[in-house]
Amino acid sequence: MSILSIENLSKSFGAAKVIDGISFEVAEKSIFGFIGKNGAGKTTTMKMILGLLKSDGGCIEVCGEPVNYGQTKTNRFIGYLPDVPEFYNYMTPKEYLMLCGEITGLSASVCKKRCIDLIELVGLEKANRKIGGFSRGMKQRLGIAQALINEPKLLICDEPTSALDPIGRKELLDILERVKVNTTVLFSTHILSDVERICDRIALLNNGKLALCGTITELREQHKQDGLFIEFESLVDLNAFLSKLGAFSWVNKTESNGTSLTIKVSDIKRAEKDVLNILSDHQLLPLKFEIMEPSIETLFMEAVQ
Amino acid sequence: MRMYSAFFKKELTEITRTYKLFVLLAVFVLLGIMNPVMAKVMPDILKSVMPKGISITLATPTAFDSWAQFFKNASQTGLIIVVIIFSGIMSNEFSKGTLINMLTKGLSRPVVILSKFTAALSVWSASYILCFSVTYYYTDYFWHKANIENLYLSAAGLWVFGAFLIASLILGGVLFTNHFGGLLFTFGLVAVSMMIGIAPELKKINPASLATLNTGLLSRQVDSAVFYPAIAVTGGLTVIFIILSVFLFNKKQI
């Protein structure tokens with residue numbers, strides 16, 4: 001069952017068409033990565049899902065219920081972490097979470113328990129002081145806690161890792177992976193390594209349209225360009241290898257960089273076999289030998305260009 | 001109702017922890033003490049600063065002077081401070097984006113407006129009643145059991161005017177989303193209202209009457225028949241402003 005479905009959604013700000021008829025679905029209990037350049041319309045799309053912005057056309061459904069602009073009931077299924085979460089600085093994390101819990105209608109006892117659990121989940125047990133003095137990372141973690149207070153079916157995070165240092169980023173991604181058990185996560189980012197680390201499916205937004213959409217393996221398969229990467233110990237080895245390579249018909253293109261070589265090939269199976277034969281016949285011992293897979297980065301660059 | 005009580009509590013916490021409550025209570029208590037004291041000692045001060053040889057005749061101060069001071073100070077210094085303190089009541093939330101977390105939790109938008117209005121109104125009422133009580137106590141102490149005509153009606157009028165200003169700050173904040181928008185909207189309304197006040201036939205329906213004709217009402221220069229309709233109109237406008245704020249806020253992109 002899909003938690004979120006978007007159909008033919010569009011939005012313009014004045015003359016600029018930010019979102020141009022996009023459609024996608026997010027399946028239950030998965031992590032969905034929403035990627036795109038800065039200004040691609042990721043935040044705009046998320047705000048429309050939350051009913052904070054009015055769409056120009058198309059429809060959005062959360063858990064099978066349509067989203068209405070303004071006062072929308074679907075928000076009871078959703079937890080939202082804005083890109084820069086803002087809190088009431090004069091409150092402590094516990095007070096803030098209690099306020100959030102009361103607003104979502106949790107009973108006082110459940111609310112207290114949730115607060116303690118969530119503060120522990122995001123590691124803010126020792127930060128029992130006013131939010132005003134928190135660092136970006138701590139605010140981001142509190143942001144996750146407040147988004148999870150009502151045990152949402154869908155957690156929407158807007159660039160949750162952009163402003164964090166490597167440790168903060170890792171911790172945040174770990175938290176997202178942990179909540180995946182009960183919650184579907186939709187998160188936007190332009191940090192591609194984060195996507196590779198935790199996402200099950202991705203959608204790439206470019207010029208208001210979906211340039212790519214699918215699981216990472218599917219996308220890699222679709223955009224596979226066969227190639228081999230070999231790194232030698234010395235230039236002598238490399239040149240010796242290159243001189244033998246000319247005779248094969250499967251070589252499309254070779255590119256050397258220092259002592260390493262990239263070969264684009266038309267038939268990967270034959271190429272692998274022949275290359276290994278050359279290496280063993282001529283006693284050439286490579287430092288590295290690998291079959292190239294398209295990285296998310298190359299997919300991203302291809303789609304954006 | 002749970003949402004309302006949660007958000008109302010949050011508003012009161014905010015007003016307290018950002019020292020707004022403290023400032024308002026301090027100012028209004030101070031005004032409350034000053035009104036009767038200044039009325040009492042002003043003639044003595046004037047006498048002491050007069051050069052020798054010049055004599056002036058000053059009427060003996062009465063309870064009326066004390067209440068005249070009250071209405072002058074509360075309607076000017078007092079209300080200006082109230083307006084400045086509450087000027088960011090809506091715009092702060094917009095500019096910082098603090099409402100996004102609340103609204104995406106399902107907080108109903110009318111509840112935001114209502115709890116903000118009622119919290120500010122409670123604080124204004126508490127400060128005003130405190131100021132009134134202090135003045136009342138000292139006036140009674142200095143001029144035992146003085147009977148002042150229309151005192152409560154006049155005081156109620158000024159209170160309604162304060163509520164009207166708070167409602168216009170909220171409406172201005174929703175309309176313009178920034179700090180100065182709300183402030184200018186309110187000052188603009190007061191300025192227009194003051195100008196209307198020049199036409200005597202409009203006094204009955206003019207909100208500004210409630211803050212300018214108070215002393216006249218005590219001295220019977222102004223008839224109480226002017227005040228009742230003005231209170232009704234101002235109260236009505238306050239309600240309309242709040243309904244309008246709810247309506248506009250519901251349509252607002254955040």
# chains A, B, ... in the order shown; residues from 1 in each chain; ligands from 1
>>> residues_around(residues="Ile254 (chain B)", least_positions_apart="3", cutoff="12 Å", atoms="only C-alpha atoms", output="PDB file with C-alpha atoms, in the first residue's frame")
ATOM      1  CA  THR A  43      10.705  22.091  -0.282  1.00  0.00           C
ATOM      2  CA  THR A  44       7.796  23.424  -2.336  1.00  0.00           C
ATOM      3  CA  LYS A  47       5.009  22.085   1.792  1.00  0.00           C
ATOM      4  CA  MET A  48       2.207  21.197  -0.596  1.00  0.00           C
ATOM      5  CA  LEU A  50       1.646  19.407   4.303  1.00  0.00           C
ATOM      6  CA  GLY A  51      -1.043  21.779   3.060  1.00  0.00           C
ATOM      7  CA  LEU A  52       1.118  24.823   3.816  1.00  0.00           C
ATOM      8  CA  LEU A  53       1.244  25.875   0.177  1.00  0.00           C
ATOM      9  CA  LYS A  54      -1.549  25.805  -2.343  1.00  0.00           C
ATOM     10  CA  TYR A  69      -4.731  23.410   1.497  1.00  0.00           C
ATOM     11  CA  GLY A  70      -4.829  25.280   4.808  1.00  0.00           C
ATOM     12  CA  GLN A  71      -6.521  23.227   7.477  1.00  0.00           C
TER      13      GLN A  71
ATOM     14  CA  SER B  91       4.869  38.447  13.090  1.00  0.00           C
ATOM     15  CA  GLU B  93       5.922  33.410  14.605  1.00  0.00           C
ATOM     16  CA  PHE B  94       5.861  34.101  10.876  1.00  0.00           C
ATOM     17  CA  SER B  95       9.375  35.463  10.592  1.00  0.00           C
ATOM     18  CA  LYS B  96      10.960  32.717  12.687  1.00  0.00           C
ATOM     19  CA  GLY B  97       8.853  29.927  11.206  1.00  0.00           C
ATOM     20  CA  THR B  98       7.983  28.570  14.648  1.00  0.00           C
ATOM     21  CA  LEU B  99       4.364  27.950  13.655  1.00  0.00           C
ATOM     22  CA  ILE B 100       5.298  25.405  10.977  1.00  0.00           C
ATOM     23  CA  ASN B 101       5.987  22.671  13.537  1.00  0.00           C
ATOM     24  CA  MET B 102       2.744  23.446  15.336  1.00  0.00           C
ATOM     25  CA  LEU B 103       0.513  23.598  12.255  1.00  0.00           C
ATOM     26  CA  THR B 104       1.946  20.419  10.759  1.00  0.00           C
ATOM     27  CA  ARG B 109      -5.430  27.767  12.741  1.00  0.00           C
ATOM     28  CA  VAL B 174      -1.718  38.420   9.791  1.00  0.00           C
ATOM     29  CA  THR B 177       3.388  39.235   8.435  1.00  0.00           C
ATOM     30  CA  PHE B 249      -4.913  33.210   8.443  1.00  0.00           C
ATOM     31  CA  ASN B 250      -6.778  30.140   7.132  1.00  0.00           C
ATOM     32  CA  LYS B 251      -5.927  31.249   3.595  1.00  0.00           C
TER      33      LYS B 251
END
>>> select_by_dssp(residues="region 72-152 of chain B", states="alpha helix (DSSP H)", output="VMD selection string")
chain B and resid 72 to 73 79 to 85 91 to 96 98 to 103 109 to 142 151 to 152
>>> residues_around(residues="Cys100 (chain A)", least_positions_apart="5", cutoff="8 Å", atoms="only C-alpha atoms", output="PyMOL selection string")
(chain A and resi 146+149) or (chain B and resi 102+105)
>>> write_last_selection(atoms="all heavy atoms", output="PDB file, in the first residue's frame")
ATOM      1  N   GLN A 146      10.428  15.950  17.666  1.00  0.00           N
ATOM      2  CA  GLN A 146       9.089  16.547  17.597  1.00  0.00           C
ATOM      3  C   GLN A 146       8.302  15.981  16.424  1.00  0.00           C
ATOM      4  O   GLN A 146       7.092  15.832  16.489  1.00  0.00           O
ATOM      5  CB  GLN A 146       9.136  18.083  17.592  1.00  0.00           C
ATOM      6  CG  GLN A 146       9.848  18.760  16.425  1.00  0.00           C
ATOM      7  CD  GLN A 146       8.987  18.898  15.192  1.00  0.00           C
ATOM      8  OE1 GLN A 146       7.769  18.917  15.284  1.00  0.00           O
ATOM      9  NE2 GLN A 146       9.609  18.964  14.023  1.00  0.00           N
ATOM     10  N   ILE A 149       6.623  12.632  17.464  1.00  0.00           N
ATOM     11  CA  ILE A 149       5.861  12.576  18.715  1.00  0.00           C
ATOM     12  C   ILE A 149       4.535  11.841  18.558  1.00  0.00           C
ATOM     13  O   ILE A 149       4.110  11.116  19.447  1.00  0.00           O
ATOM     14  CB  ILE A 149       5.654  13.988  19.299  1.00  0.00           C
ATOM     15  CG1 ILE A 149       5.115  13.919  20.713  1.00  0.00           C
ATOM     16  CG2 ILE A 149       4.711  14.838  18.472  1.00  0.00           C
ATOM     17  CD1 ILE A 149       6.117  14.165  21.754  1.00  0.00           C
TER      18      ILE A 149
ATOM     19  N   MET B 102       4.036  23.552  14.640  1.00  0.00           N
ATOM     20  CA  MET B 102       2.744  23.446  15.336  1.00  0.00           C
ATOM     21  C   MET B 102       1.628  23.098  14.351  1.00  0.00           C
ATOM     22  O   MET B 102       0.823  22.210  14.602  1.00  0.00           O
ATOM     23  CB  MET B 102       2.401  24.781  16.014  1.00  0.00           C
ATOM     24  CG  MET B 102       3.401  25.234  17.047  1.00  0.00           C
ATOM     25  SD  MET B 102       3.354  24.175  18.491  1.00  0.00           S
ATOM     26  CE  MET B 102       5.003  23.584  18.552  1.00  0.00           C
ATOM     27  N   LYS B 105       1.494  19.685  13.040  1.00  0.00           N
ATOM     28  CA  LYS B 105       1.062  18.709  14.050  1.00  0.00           C
ATOM     29  C   LYS B 105      -0.462  18.660  14.099  1.00  0.00           C
ATOM     30  O   LYS B 105      -1.028  17.975  14.924  1.00  0.00           O
ATOM     31  CB  LYS B 105       1.540  19.122  15.442  1.00  0.00           C
ATOM     32  CG  LYS B 105       3.008  19.074  15.632  1.00  0.00           C
ATOM     33  CD  LYS B 105       3.382  17.943  16.525  1.00  0.00           C
ATOM     34  CE  LYS B 105       4.683  17.347  16.122  1.00  0.00           C
ATOM     35  NZ  LYS B 105       5.462  18.061  15.140  1.00  0.00           N
TER      36      LYS B 105
END
>>> interface_residues(of="chain A", to="chain B", cutoff="9 Å", atoms="only C-alpha atoms", output="PyMOL selection string")
chain A and resi 47+50-54+69-82+84-88+90-91+99-105+143+146-147+150
>>> closest_residue(among="B:Thr62, B:Ser125, B:Thr77, B:Asn35", to="Val160 (chain B)", atoms="only C-alpha atoms")
B:Ser125
